[in-house]
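Shown here: upload.cif, mmCIF, C-alpha atoms.
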```
data_work
loop_
_atom_site.group_PDB
_atom_site.id
_atom_site.type_symbol
_atom_site.label_atom_id
_atom_site.label_comp_id
_atom_site.auth_asym_id
_atom_site.auth_seq_id
_atom_site.Cartn_x
_atom_site.Cartn_y
_atom_site.Cartn_z
ATOM 1 C CA MET A 1 -48.634 21.621 8.374
ATOM 2 C CA PHE A 2 -46.965 19.173 10.749
ATOM 3 C CA ARG A 3 -45.832 17.019 7.825
ATOM 4 C CA LEU A 4 -44.338 20.063 6.111
ATOM 5 C CA ILE A 5 -42.340 20.949 9.237
ATOM 6 C CA ILE A 6 -41.064 17.382 9.561
ATOM 7 C CA LYS A 7 -40.042 17.399 5.870
ATOM 8 C CA CYS A 8 -38.183 20.691 6.338
ATOM 9 C CA VAL A 9 -36.391 19.305 9.411
ATOM 10 C CA MET A 10 -35.408 16.164 7.491
ATOM 11 C CA ILE A 11 -34.042 18.231 4.604
ATOM 12 C CA CYS A 12 -32.071 20.399 7.055
ATOM 13 C CA VAL A 13 -30.621 17.310 8.759
ATOM 14 C CA LEU A 14 -29.591 15.881 5.392
ATOM 15 C CA LEU A 15 -28.018 19.166 4.316
ATOM 16 C CA VAL A 16 -26.074 19.400 7.596
ATOM 17 C CA ALA A 17 -24.899 15.788 7.155
ATOM 18 C CA ILE A 18 -23.712 16.444 3.579
ATOM 19 C CA ALA A 19 -22.057 19.730 4.604
ATOM 20 C CA SER A 20 -20.328 17.997 7.534
ATOM 21 C CA TYR A 21 -18.969 15.328 5.197
ATOM 22 C CA LEU A 22 -17.658 18.000 2.813
ATOM 23 C CA VAL A 23 -16.049 19.821 5.758
ATOM 24 C CA TYR A 24 -14.529 16.492 6.847
ATOM 25 C CA LEU A 25 -13.066 15.972 3.361
ATOM 26 C CA ARG A 26 -11.575 19.449 3.426
ATOM 27 C CA THR A 27 -10.328 19.688 7.018
ATOM 28 C CA GLY A 28 -10.188 16.153 8.401
ATOM 29 C CA SER A 29 -12.632 16.975 11.196
ATOM 30 C CA PHE A 30 -16.415 17.264 11.294
ATOM 31 C CA TRP A 31 -16.394 20.771 12.754
ATOM 32 C CA VAL A 32 -15.586 23.930 10.872
ATOM 33 C CA PRO A 33 -12.517 25.566 12.421
ATOM 34 C CA VAL A 34 -13.911 29.124 12.722
ATOM 35 C CA ALA A 35 -10.550 30.587 13.668
ATOM 36 C CA ARG A 36 -7.252 29.097 14.678
ATOM 37 C CA VAL A 37 -6.624 31.084 17.874
ATOM 38 C CA PRO A 38 -3.129 30.619 19.274
ATOM 39 C CA ASN A 39 -2.786 29.498 22.851
ATOM 40 C CA ILE A 40 -2.461 32.912 24.518
ATOM 41 C CA SER A 41 -3.905 34.573 27.561
ATOM 42 C CA LEU A 42 -6.614 36.920 26.261
ATOM 43 C CA PRO A 43 -6.661 39.345 29.276
ATOM 44 C CA SER A 44 -2.916 39.957 28.951
ATOM 45 C CA PHE A 45 -3.154 40.185 25.142
ATOM 46 C CA PHE A 46 -5.831 42.913 25.344
ATOM 47 C CA SER A 47 -4.381 44.645 28.408
ATOM 48 C CA PHE A 48 -4.459 48.440 28.536
ATOM 49 C CA SER A 49 -0.660 48.772 28.634
ATOM 50 C CA ARG A 50 -0.211 46.468 25.652
ATOM 51 C CA LEU A 51 -2.859 48.145 23.512
ATOM 52 C CA PHE A 52 -1.376 51.607 24.021
ATOM 53 C CA SER A 53 2.305 50.667 23.936
ATOM 54 C CA ASP A 54 4.595 51.758 21.078
ATOM 55 C CA ASP A 55 6.022 48.271 20.603
ATOM 56 C CA THR A 56 6.131 46.981 17.063
ATOM 57 C CA VAL A 57 5.788 43.324 16.229
ATOM 58 C CA SER A 58 8.694 41.858 14.296
ATOM 59 C CA VAL A 59 7.770 39.648 11.371
ATOM 60 C CA GLU A 60 10.034 36.853 10.254
ATOM 61 C CA PRO A 61 11.258 37.225 6.668
ATOM 62 C CA VAL A 62 9.844 34.798 4.142
ATOM 63 C CA GLY A 63 12.390 32.093 3.425
ATOM 64 C CA GLU A 64 13.898 31.854 -0.045
ATOM 65 C CA THR A 65 12.483 28.401 -0.666
ATOM 66 C CA VAL A 66 8.956 29.489 0.276
ATOM 67 C CA SER A 67 9.050 32.616 -1.840
ATOM 68 C CA LEU A 68 10.449 30.744 -4.847
ATOM 69 C CA LYS A 69 7.751 28.099 -4.654
ATOM 70 C CA ASN A 70 4.989 30.683 -4.686
ATOM 71 C CA ILE A 71 6.223 32.487 -7.765
ATOM 72 C CA ASN A 72 4.245 31.601 -10.838
ATOM 73 C CA VAL A 73 6.543 31.569 -13.831
ATOM 74 C CA PRO A 74 4.616 33.391 -16.552
ATOM 75 C CA SER A 75 3.739 31.286 -19.543
ATOM 76 C CA TYR A 76 2.726 32.496 -22.972
ATOM 77 C CA LYS A 77 1.093 31.323 -26.144
ATOM 78 C CA TRP A 78 1.932 32.698 -29.555
ATOM 79 C CA GLN A 79 1.005 31.930 -33.123
ATOM 80 C CA GLN A 80 3.498 30.915 -35.803
ATOM 81 C CA LYS A 81 2.301 29.833 -39.259
ATOM 82 C CA GLY A 82 -1.228 29.554 -37.861
ATOM 83 C CA ILE A 83 -0.216 27.150 -35.095
ATOM 84 C CA TRP A 84 -0.346 27.979 -31.377
ATOM 85 C CA HIS A 85 2.929 27.456 -29.520
ATOM 86 C CA TYR A 86 3.113 27.281 -25.707
ATOM 87 C CA GLY A 87 6.158 28.195 -23.632
ATOM 88 C CA ASP A 88 7.797 30.706 -21.319
ATOM 89 C CA THR A 89 10.118 32.401 -23.808
ATOM 90 C CA PRO A 90 8.308 33.595 -26.930
ATOM 91 C CA PRO A 91 10.575 34.501 -29.870
ATOM 92 C CA GLN A 92 11.548 38.166 -30.303
ATOM 93 C CA GLY A 93 9.150 40.297 -32.311
ATOM 94 C CA ILE A 94 6.160 38.007 -31.966
ATOM 95 C CA ASN A 95 2.970 38.991 -30.167
ATOM 96 C CA ALA A 96 2.545 36.587 -27.281
ATOM 97 C CA ILE A 97 -0.448 36.265 -24.985
ATOM 98 C CA ARG A 98 0.213 35.559 -21.343
ATOM 99 C CA ILE A 99 -1.713 32.554 -20.022
ATOM 100 C CA ASP A 100 -1.873 32.575 -16.221
ATOM 101 C CA GLY A 101 -5.170 30.729 -16.065
ATOM 102 C CA SER A 102 -8.431 30.995 -17.875
ATOM 103 C CA SER A 103 -9.169 34.677 -17.433
ATOM 104 C CA VAL A 104 -5.958 36.685 -17.054
ATOM 105 C CA GLU A 105 -4.430 37.634 -20.366
ATOM 106 C CA SER A 106 -1.861 40.281 -21.144
ATOM 107 C CA GLU A 107 0.359 40.820 -24.126
ATOM 108 C CA LYS A 108 4.124 40.715 -24.528
ATOM 109 C CA GLN A 109 6.028 41.775 -27.607
ATOM 110 C CA MET B 1 -43.329 10.821 4.985
ATOM 111 C CA ILE B 2 -41.689 7.394 5.124
ATOM 112 C CA ARG B 3 -41.865 7.265 1.335
ATOM 113 C CA PHE B 4 -40.072 10.614 1.121
ATOM 114 C CA ILE B 5 -37.261 9.464 3.466
ATOM 115 C CA PHE B 6 -36.995 6.201 1.545
ATOM 116 C CA ILE B 7 -36.617 8.051 -1.788
ATOM 117 C CA VAL B 8 -33.989 10.414 -0.335
ATOM 118 C CA LEU B 9 -32.079 7.464 1.139
ATOM 119 C CA LEU B 10 -32.244 5.625 -2.188
ATOM 120 C CA LEU B 11 -30.929 8.712 -3.980
ATOM 121 C CA LEU B 12 -28.068 9.059 -1.492
ATOM 122 C CA ILE B 13 -27.155 5.383 -1.769
ATOM 123 C CA GLY B 14 -27.330 5.610 -5.564
ATOM 124 C CA ALA B 15 -25.106 8.686 -5.611
ATOM 125 C CA ALA B 16 -22.582 7.032 -3.252
ATOM 126 C CA ALA B 17 -22.551 3.866 -5.366
ATOM 127 C CA PHE B 18 -22.071 5.899 -8.566
ATOM 128 C CA ILE B 19 -19.175 7.890 -7.065
ATOM 129 C CA GLY B 20 -17.631 4.693 -5.663
ATOM 130 C CA TYR B 21 -17.858 2.857 -8.979
ATOM 131 C CA SER B 22 -16.699 5.854 -11.048
ATOM 132 C CA SER B 23 -13.697 6.583 -8.818
ATOM 133 C CA GLN B 24 -12.436 3.026 -9.260
ATOM 134 C CA THR B 25 -12.856 2.878 -13.026
ATOM 135 C CA LEU B 26 -9.569 2.100 -14.733
ATOM 136 C CA PRO B 27 -8.781 3.462 -18.215
ATOM 137 C CA ASP B 28 -9.228 1.422 -21.397
ATOM 138 C CA TRP B 29 -5.508 1.449 -22.203
ATOM 139 C CA TYR B 30 -4.606 -0.205 -18.911
ATOM 140 C CA ALA B 31 -3.913 -3.907 -19.206
ATOM 141 C CA GLN B 32 -2.981 -5.554 -15.913
ATOM 142 C CA GLU B 33 -0.885 -8.323 -17.449
ATOM 143 C CA GLN B 34 1.524 -5.865 -19.133
ATOM 144 C CA SER B 35 3.668 -3.234 -17.403
ATOM 145 C CA ALA B 36 3.644 0.378 -18.600
ATOM 146 C CA SER B 37 7.070 0.140 -20.204
ATOM 147 C CA ASP B 38 6.151 -3.132 -22.001
ATOM 148 C CA GLN B 39 3.022 -1.568 -23.485
ATOM 149 C CA ILE B 40 4.897 1.492 -24.752
ATOM 150 C CA ALA B 41 7.830 -0.606 -26.005
ATOM 151 C CA GLY B 42 5.386 -2.814 -27.910
ATOM 152 C CA GLN B 43 3.740 0.135 -29.643
ATOM 153 C CA LEU B 44 7.074 1.733 -30.461
ATOM 154 C CA SER B 45 8.720 -1.427 -31.819
ATOM 155 C CA ALA B 46 5.753 -1.952 -34.157
ATOM 156 C CA GLN B 47 6.213 1.606 -35.427
ATOM 157 C CA ILE B 48 9.994 1.156 -35.885
ATOM 158 C CA GLN B 49 9.516 -2.163 -37.709
ATOM 159 C CA GLN B 50 7.119 -0.452 -40.087
ATOM 160 C CA GLN B 51 9.535 2.390 -40.809
ATOM 161 C CA GLY B 52 12.910 0.618 -40.515
ATOM 162 C CA SER B 53 15.186 1.336 -37.552
ATOM 163 C CA ALA B 54 17.834 3.282 -39.554
ATOM 164 C CA ASN B 55 15.205 5.516 -41.138
ATOM 165 C CA PHE B 56 13.477 6.038 -37.815
ATOM 166 C CA LEU B 57 16.611 7.000 -35.874
ATOM 167 C CA GLY B 58 17.975 9.121 -38.734
ATOM 168 C CA GLU B 59 14.720 11.037 -39.040
ATOM 169 C CA LYS B 60 14.486 11.722 -35.296
ATOM 170 C CA PHE B 61 18.144 12.773 -35.077
ATOM 171 C CA SER B 62 17.786 15.190 -37.999
ATOM 172 C CA GLN B 63 14.592 16.612 -36.440
ATOM 173 C CA VAL B 64 16.383 17.277 -33.136
ATOM 174 C CA MET B 65 19.304 18.919 -34.931
ATOM 175 C CA SER B 66 16.961 21.082 -37.027
ATOM 176 C CA GLY B 67 15.175 22.199 -33.827
ATOM 177 C CA GLU B 68 11.719 20.722 -34.444
ATOM 178 C CA LEU B 69 10.904 17.282 -33.128
ATOM 179 C CA ILE B 70 7.608 15.687 -34.176
ATOM 180 C CA LEU B 71 6.510 12.795 -31.980
ATOM 181 C CA SER B 72 3.575 10.440 -32.298
ATOM 182 C CA GLU B 73 1.711 9.426 -29.150
ATOM 183 C CA ALA B 74 3.729 6.194 -28.741
ATOM 184 C CA GLU B 75 7.041 8.008 -29.331
ATOM 185 C CA PHE B 76 6.086 10.745 -26.875
ATOM 186 C CA ASN B 77 5.179 8.129 -24.256
ATOM 187 C CA ALA B 78 8.561 6.440 -24.748
ATOM 188 C CA VAL B 79 10.399 9.777 -24.348
ATOM 189 C CA LEU B 80 8.283 10.605 -21.310
ATOM 190 C CA LEU B 81 8.994 7.238 -19.683
ATOM 191 C CA ALA B 82 12.747 7.585 -20.261
ATOM 192 C CA SER B 83 12.668 11.117 -18.841
ATOM 193 C CA LEU B 84 10.678 10.007 -15.776
ATOM 194 C CA GLN B 85 13.214 7.236 -15.169
ATOM 195 C CA SER B 86 16.058 9.761 -15.162
ATOM 196 C CA SER B 87 14.400 12.192 -12.728
ATOM 197 C CA SER B 88 14.126 11.522 -8.965
ATOM 198 C CA ASP B 89 10.454 12.561 -8.719
ATOM 199 C CA GLY B 90 9.724 10.569 -11.865
ATOM 200 C CA ARG B 91 11.276 7.449 -10.360
ATOM 201 C CA LYS B 92 9.062 7.898 -7.276
ATOM 202 C CA LEU B 93 5.993 8.094 -9.528
ATOM 203 C CA LEU B 94 7.054 5.022 -11.492
ATOM 204 C CA ALA B 95 7.653 3.119 -8.242
ATOM 205 C CA VAL B 96 4.049 3.558 -7.098
ATOM 206 C CA SER B 97 2.253 3.274 -10.431
ATOM 207 C CA ASP B 98 1.304 0.206 -12.393
ATOM 208 C CA ALA B 99 0.944 2.040 -15.690
ATOM 209 C CA ILE B 100 1.535 5.504 -17.087
ATOM 210 C CA ASN B 101 0.146 6.982 -20.268
ATOM 211 C CA ALA B 102 -0.013 10.367 -21.944
ATOM 212 C CA ASP B 103 -2.965 10.962 -24.252
ATOM 213 C CA LEU B 104 -2.519 13.738 -26.797
ATOM 214 C CA THR B 105 -5.542 15.911 -27.447
ATOM 215 C CA ASP B 106 -6.257 19.250 -29.119
ATOM 216 C CA GLN B 107 -6.555 20.815 -25.664
ATOM 217 C CA GLY B 108 -3.174 19.539 -24.515
ATOM 218 C CA ILE B 109 -2.143 16.376 -22.744
ATOM 219 C CA GLU B 110 -3.935 14.009 -20.417
ATOM 220 C CA PHE B 111 -1.183 12.503 -18.307
ATOM 221 C CA GLY B 112 -2.549 9.579 -16.348
ATOM 222 C CA ALA B 113 -1.173 7.002 -13.966
ATOM 223 C CA VAL B 114 -2.722 3.921 -12.404
ATOM 224 C CA ILE B 115 -1.535 4.286 -8.811
ATOM 225 C CA ASP B 116 -1.203 1.203 -6.643
ATOM 226 C CA LEU B 117 -2.162 2.458 -3.168
ATOM 227 C CA GLN B 118 -0.509 -0.502 -1.446
ATOM 228 C CA LYS B 119 2.810 0.245 -3.170
ATOM 229 C CA ALA B 120 2.405 3.947 -2.374
ATOM 230 C CA ALA B 121 1.804 3.212 1.324
ATOM 231 C CA GLN B 122 5.003 1.155 1.513
ATOM 232 C CA ILE B 123 7.368 3.943 0.412
ATOM 233 C CA ASP B 124 7.683 5.803 3.717
ATOM 234 C CA ALA B 125 5.659 6.982 6.714
ATOM 235 C CA LYS B 126 4.672 10.231 4.974
ATOM 236 C CA SER B 127 3.279 8.354 1.963
ATOM 237 C CA LYS B 128 1.441 5.924 4.245
ATOM 238 C CA LYS B 129 -0.162 8.880 6.016
ATOM 239 C CA ALA B 130 -1.182 10.406 2.663
ATOM 240 C CA VAL B 131 -2.695 7.111 1.466
ATOM 241 C CA ASP B 132 -4.564 6.697 4.763
ATOM 242 C CA LYS B 133 -5.930 10.212 4.336
ATOM 243 C CA VAL B 134 -7.147 9.382 0.800
ATOM 244 C CA VAL B 135 -8.753 6.130 1.964
ATOM 245 C CA ASP B 136 -10.398 7.957 4.901
ATOM 246 C CA ALA B 137 -11.762 10.650 2.609
ATOM 247 C CA LEU B 138 -12.946 8.167 -0.009
ATOM 248 C CA PRO B 139 -14.041 5.168 2.054
ATOM 249 C CA PHE B 140 -15.454 3.370 -0.983
ATOM 250 C CA LEU B 141 -11.964 2.841 -2.437
ATOM 251 C CA ASP B 142 -10.981 -0.784 -2.030
ATOM 252 C CA LYS B 143 -7.347 0.131 -1.140
ATOM 253 C CA SER B 144 -6.030 -1.151 -4.453
ATOM 254 C CA LYS B 145 -5.645 0.757 -7.718
ATOM 255 C CA VAL B 146 -6.772 4.264 -8.567
ATOM 256 C CA PHE B 147 -6.453 6.039 -11.896
ATOM 257 C CA VAL B 148 -5.367 9.639 -11.479
ATOM 258 C CA ALA B 149 -4.961 11.901 -14.499
ATOM 259 C CA VAL B 150 -3.934 15.507 -14.926
ATOM 260 C CA GLN B 151 -5.256 17.242 -18.022
ATOM 261 C CA GLY B 152 -4.004 20.558 -19.263
ATOM 262 C CA GLN B 153 -2.039 22.484 -21.820
ATOM 263 C CA ALA B 154 1.555 21.326 -22.058
ATOM 264 C CA ILE B 155 4.029 24.197 -22.142
ATOM 265 C CA ALA B 156 7.779 24.669 -22.232
ATOM 266 C CA ARG B 157 9.128 26.088 -18.978
ATOM 267 C CA GLN B 158 12.805 26.769 -18.389
ATOM 268 C CA GLY B 159 13.705 24.189 -21.024
ATOM 269 C CA ASN B 160 11.519 21.505 -19.469
ATOM 270 C CA LEU B 161 8.052 20.131 -20.139
ATOM 271 C CA ALA B 162 5.331 21.423 -17.793
ATOM 272 C CA PHE B 163 1.617 22.042 -17.433
ATOM 273 C CA SER B 164 0.058 25.496 -17.493
ATOM 274 C CA ASP B 165 -1.835 26.349 -14.296
ATOM 275 C CA ASN B 166 -5.231 25.778 -15.910
ATOM 276 C CA ILE B 167 -5.293 22.054 -15.191
ATOM 277 C CA SER B 168 -8.094 19.669 -14.347
ATOM 278 C CA VAL B 169 -7.866 16.334 -12.587
ATOM 279 C CA LYS B 170 -9.629 13.033 -13.113
ATOM 280 C CA ILE B 171 -9.958 10.358 -10.430
ATOM 281 C CA GLY B 172 -11.208 7.149 -11.988
ATOM 282 C CA SER B 173 -13.779 8.516 -14.412
ATOM 283 C CA ILE B 174 -14.766 11.459 -12.202
ATOM 284 C CA PRO B 175 -13.545 14.741 -13.691
ATOM 285 C CA ILE B 176 -12.694 17.531 -11.239
ATOM 286 C CA SER B 177 -12.522 20.903 -12.942
ATOM 287 C CA ASN B 178 -9.991 23.659 -12.324
ATOM 288 C CA SER B 179 -12.523 25.839 -10.478
ATOM 289 C CA ILE B 180 -13.558 22.995 -8.130
ATOM 290 C CA LEU B 181 -9.884 22.242 -7.417
ATOM 291 C CA LYS B 182 -9.395 25.906 -6.505
ATOM 292 C CA GLN B 183 -12.473 25.838 -4.254
ATOM 293 C CA LEU B 184 -11.165 22.702 -2.536
ATOM 294 C CA GLY B 185 -7.929 24.583 -1.827
ATOM 295 C CA VAL B 186 -5.688 22.362 -3.960
ATOM 296 C CA PRO B 187 -2.364 24.208 -4.356
ATOM 297 C CA LEU B 188 -2.433 24.369 -8.162
ATOM 298 C CA HIS B 189 0.663 26.569 -8.293
ATOM 299 C CA LYS B 190 2.666 23.613 -6.955
ATOM 300 C CA VAL B 191 1.557 21.474 -9.899
ATOM 301 C CA SER B 192 2.173 24.213 -12.431
ATOM 302 C CA ASN B 193 5.607 24.936 -10.934
ATOM 303 C CA GLU B 194 6.668 21.328 -11.449
ATOM 304 C CA SER B 195 8.393 20.492 -14.712
ATOM 305 C CA LEU B 196 9.996 17.445 -16.258
ATOM 306 C CA PRO B 197 13.380 17.710 -17.959
ATOM 307 C CA ILE B 198 13.247 15.798 -21.242
ATOM 308 C CA LYS B 199 16.302 13.681 -21.961
ATOM 309 C CA LEU B 200 18.884 15.180 -24.354
ATOM 310 C CA MET B 201 16.679 18.156 -25.252
ATOM 311 C CA LYS B 202 15.906 21.633 -24.050
ATOM 312 C CA ILE B 203 12.328 22.531 -24.995
ATOM 313 C CA LYS B 204 11.548 26.003 -26.329
ATOM 314 C CA SER B 205 7.863 25.589 -27.193
ATOM 315 C CA VAL B 206 5.154 22.952 -27.409
ATOM 316 C CA VAL B 207 2.419 22.403 -29.983
ATOM 317 C CA THR B 208 -0.120 19.662 -29.341
ATOM 318 C CA SER B 209 -2.668 18.139 -31.667
ATOM 319 C CA ASP B 210 -4.889 15.075 -31.649
ATOM 320 C CA ASP B 211 -2.255 12.544 -32.707
ATOM 321 C CA GLN B 212 1.140 14.213 -32.399
ATOM 322 C CA ILE B 213 3.186 16.676 -30.399
ATOM 323 C CA ILE B 214 5.643 19.108 -31.940
ATOM 324 C CA LEU B 215 8.503 20.251 -29.733
ATOM 325 C CA LYS B 216 10.752 23.160 -30.679
ATOM 326 C CA VAL B 217 13.990 21.984 -29.148
ATOM 327 C CA LEU B 218 17.653 22.676 -28.640
ATOM 328 C CA PRO B 219 19.859 19.592 -28.420
ATOM 329 C CA ARG B 220 21.281 19.069 -24.895
ATOM 330 C CA PHE B 221 23.962 16.360 -25.016
#
```
Output the file's structure in the form of structure tokens.
Amino acid sequence: MFRLIIKCVMICVLLVAIASYLVYLRTGSFWVPVARVPNISLPSFFSFSRLFSDDTVSVEPVGETVSLKNINVPSYKWQQKGIWHYGDTPPQGINAIRIDGSSVESEKQ
Amino acid sequence: MIRFIFIVLLLLIGAAAFIGYSSQTLPDWYAQEQSASDQIAGQLSAQIQQQGSANFLGEKFSQVMSGELILSEAEFNAVLLASLQSSSDGRKLLAVSDAINADLTDQGIEFGAVIDLQKAAQIDAKSKKAVDKVVDALPFLDKSKVFVAVQGQAIARQGNLAFSDNISVKIGSIPISNSILKQLGVPLHKVSNESLPIKLMKIKSVVTSDDQIILKVLPRF
């Protein structure tokens, strides 16, 4: 029984070590950042007056460069003479399949 | 108990050694004594000698004018190299890589580069930071050369050559699939939004096969 417990503990330690290394690869630190809380005073943030005020929070508009970078230009594949062509502008009158990854497919004519 | 720990340790060491060795594997086509451009020029000149330079140029010119350019792997590599040299991002890539090669396959293109980490670290502070991050994350790298390849379907996008977003990456001989890249939080849309303008041509569509690539093009002089 004792040996079983020790084995379980060893396996747990190894798993934590491997998980920590994976977290380090992903985040650059050995601890999982649970939430990135901004440096604010919590009592004033959750104060009665603030919670029940009619103030609205203004949100900065997304910059043009940011929004352009996040747009995925749709790409298509279509068949001509039995051969698959790949591009973003299929010829008129040809059934083209949208390829936005492995699973999403929609048709364009 | 000690035997169990010993076996686990051996397995971990074996796995680390395998990952270390595999990540530093360089591709077969890479020859250290020849630069990337020399290798491609050598292949292409042999092909031109076989065909005759007048025939070769005439055939390619007529293909471009008729809107369908058929390129062998060596020809495509030469076009790719010339296009990289004329683009600012391409020149950055060429500056840090020892060799560049595009392998044509049925599934698309495997575009690989042998990156010299020392050269990459010398470009600017940002690059040095990026290289340090890579070396920190992969401590078994010996700070020299790493083969990085992007594999995916080549497509025409806005007249340029690009990859579709379903790409996979290879570091050394370790393949990293599209789903793992997504799980690791790699911004794949950034890669798929990048495109390379090909010199003198606007690309309308791409067809890839095992030994050649067919580009539907419009001449852009």
Around the point (-0.1, 34.7, -27.3) in the file's coordinates, collect all residues with an atom within 8 Å, using all atoms listed in the file, and return them as an NGL selection string. :A and (76-79 or 84 or 95-99 or 107-108)
Any chance you could tabulate, as a Markdown table, the residues of chain B at most 10 Å from chain A with each one's nearest atom pair and distance in Å to one decimal, using only C-alpha atoms, in chain and rising number order?
```
| residue | atom | partner | partner_atom | distance |
| --- | --- | --- | --- | --- |
| B:Met1 | CA | A:Arg3 | CA | 7.3 |
| B:Phe4 | CA | A:Lys7 | CA | 8.3 |
| B:Ile5 | CA | A:Met10 | CA | 8.0 |
| B:Val8 | CA | A:Leu14 | CA | 9.1 |
| B:Leu9 | CA | A:Leu14 | CA | 9.8 |
| B:Leu12 | CA | A:Leu14 | CA | 9.8 |
| B:Lys133 | CA | A:Gly28 | CA | 8.4 |
| B:Val134 | CA | A:Leu25 | CA | 9.2 |
| B:Asp136 | CA | A:Leu25 | CA | 8.6 |
| B:Ala137 | CA | A:Leu25 | CA | 5.5 |
| B:Leu138 | CA | A:Leu25 | CA | 8.5 |
| B:Gln153 | CA | A:Tyr86 | CA | 8.0 |
| B:Ala154 | CA | A:Tyr86 | CA | 7.2 |
| B:Ile155 | CA | A:Gly87 | CA | 4.8 |
| B:Ala156 | CA | A:Gly87 | CA | 4.1 |
| B:Arg157 | CA | A:Asp88 | CA | 5.3 |
| B:Gln158 | CA | A:Asp88 | CA | 7.0 |
| B:Gly159 | CA | A:Asp88 | CA | 8.8 |
| B:Asn160 | CA | A:Gly87 | CA | 9.5 |
| B:Leu161 | CA | A:Gly87 | CA | 9.0 |
| B:Ala162 | CA | A:Gly87 | CA | 9.0 |
| B:Phe163 | CA | A:Ser75 | CA | 9.7 |
| B:Ser164 | CA | A:Ser75 | CA | 7.2 |
| B:Asp165 | CA | A:Gly101 | CA | 5.8 |
| B:Asn166 | CA | A:Gly101 | CA | 5.0 |
| B:Ile167 | CA | A:Gly101 | CA | 8.7 |
| B:Asn178 | CA | A:Ser102 | CA | 9.3 |
| B:Ser179 | CA | A:Ser102 | CA | 9.9 |
| B:Leu184 | CA | A:Arg26 | CA | 6.8 |
| B:Gly185 | CA | A:Arg26 | CA | 8.2 |
| B:Val186 | CA | A:Arg26 | CA | 9.9 |
| B:Pro187 | CA | A:Asn70 | CA | 9.8 |
| B:His189 | CA | A:Asn72 | CA | 6.7 |
| B:Lys190 | CA | A:Lys69 | CA | 7.2 |
| B:Ser192 | CA | A:Asn72 | CA | 7.8 |
| B:Asn193 | CA | A:Asn72 | CA | 6.8 |
| B:Glu194 | CA | A:Lys69 | CA | 9.7 |
| B:Ile203 | CA | A:Gly87 | CA | 8.5 |
| B:Lys204 | CA | A:Gly87 | CA | 6.4 |
| B:Ser205 | CA | A:Gly87 | CA | 4.7 |
| B:Val206 | CA | A:Tyr86 | CA | 5.1 |
| B:Val207 | CA | A:His85 | CA | 5.1 |
| B:Thr208 | CA | A:His85 | CA | 8.4 |
| B:Ser209 | CA | A:Ile83 | CA | 9.9 |
| B:Ile214 | CA | A:His85 | CA | 9.1 |
| B:Leu215 | CA | A:His85 | CA | 9.1 |
| B:Lys216 | CA | A:His85 | CA | 9.0 |
```
Residue nearest Ser144 in chain B among B:Val169, B:Leu26, B:Leu181, B:Ile123 (counting only C-alpha atoms):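 Of B:Val169, B:Leu26, B:Leu181, B:Ile123, the one nearest Ser144 in chain B is B:Leu26, counting only C-alpha atoms.
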Find the residue from B:Gly152, B:Pro197, B:Pro219, B:Gly42 that sits nearest to Gly90 in chain B; use all atoms listed in the file when measuring.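 Distance minimum relative to Gly90 in chain B lands on B:Pro197.
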Could you work out how far CA of Ser97 in chain B lies from CA of Asp116 in chain B, giving the answer in Å with one decimal?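 Distance between the two atoms: 5.5 Å.
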Quick one: pull the distance between CA of Asp38 in chain B and CA of Asn77 in chain B, Å, one decimal. 11.5 Å
Point-to-point distance from CA of Asn101 in chain B to CA of Gln63 in chain B, Å rounded to tenths: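 One can read the CA of Asn101 in chain B to CA of Gln63 in chain B distance as 23.7 Å.
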What lies within 12 Å of Ala78 in chain B using all atoms listed in the file, ignoring chain neighbours under 6 positions off, as a list in words?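 In the requested format, the answer is Ala36, Ser37, Asp38, Gln39, Ile40, Ala41, Gly42, Gln43, Leu44, Ser45, Gln47, Leu71, Ser72, Leu84, Gln85, Ile100, Asn101, Ala102, Ile198 and Lys199 of chain B.
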Would you kindly place N, CA, C and O atoms on range 95-100 of chain A and return the model as a PDB file, in the frame of the given file?
```pdb
ATOM      1  N   ASN A  95       3.965  38.677 -31.187  1.00  0.00           N
ATOM      2  CA  ASN A  95       2.970  38.991 -30.167  1.00  0.00           C
ATOM      3  C   ASN A  95       2.623  37.730 -29.398  1.00  0.00           C
ATOM      4  O   ASN A  95       2.161  36.757 -29.982  1.00  0.00           O
ATOM      5  N   ALA A  96       2.853  37.767 -28.103  1.00  0.00           N
ATOM      6  CA  ALA A  96       2.545  36.587 -27.281  1.00  0.00           C
ATOM      7  C   ALA A  96       1.509  36.959 -26.238  1.00  0.00           C
ATOM      8  O   ALA A  96       1.527  38.056 -25.697  1.00  0.00           O
ATOM      9  N   ILE A  97       0.603  36.038 -25.984  1.00  0.00           N
ATOM     10  CA  ILE A  97      -0.448  36.265 -24.985  1.00  0.00           C
ATOM     11  C   ILE A  97      -0.083  35.500 -23.723  1.00  0.00           C
ATOM     12  O   ILE A  97       0.222  34.307 -23.786  1.00  0.00           O
ATOM     13  N   ARG A  98      -0.112  36.220 -22.612  1.00  0.00           N
ATOM     14  CA  ARG A  98       0.213  35.559 -21.343  1.00  0.00           C
ATOM     15  C   ARG A  98      -0.958  34.677 -20.909  1.00  0.00           C
ATOM     16  O   ARG A  98      -2.104  35.092 -20.959  1.00  0.00           O
ATOM     17  N   ILE A  99      -0.648  33.456 -20.504  1.00  0.00           N
ATOM     18  CA  ILE A  99      -1.713  32.554 -20.022  1.00  0.00           C
ATOM     19  C   ILE A  99      -1.417  32.175 -18.573  1.00  0.00           C
ATOM     20  O   ILE A  99      -0.674  31.265 -18.289  1.00  0.00           O
ATOM     21  N   ASP A 100      -2.044  32.892 -17.643  1.00  0.00           N
ATOM     22  CA  ASP A 100      -1.873  32.575 -16.221  1.00  0.00           C
ATOM     23  C   ASP A 100      -3.145  31.968 -15.685  1.00  0.00           C
ATOM     24  O   ASP A 100      -3.529  32.185 -14.560  1.00  0.00           O
TER      25      ASP A 100
END
```
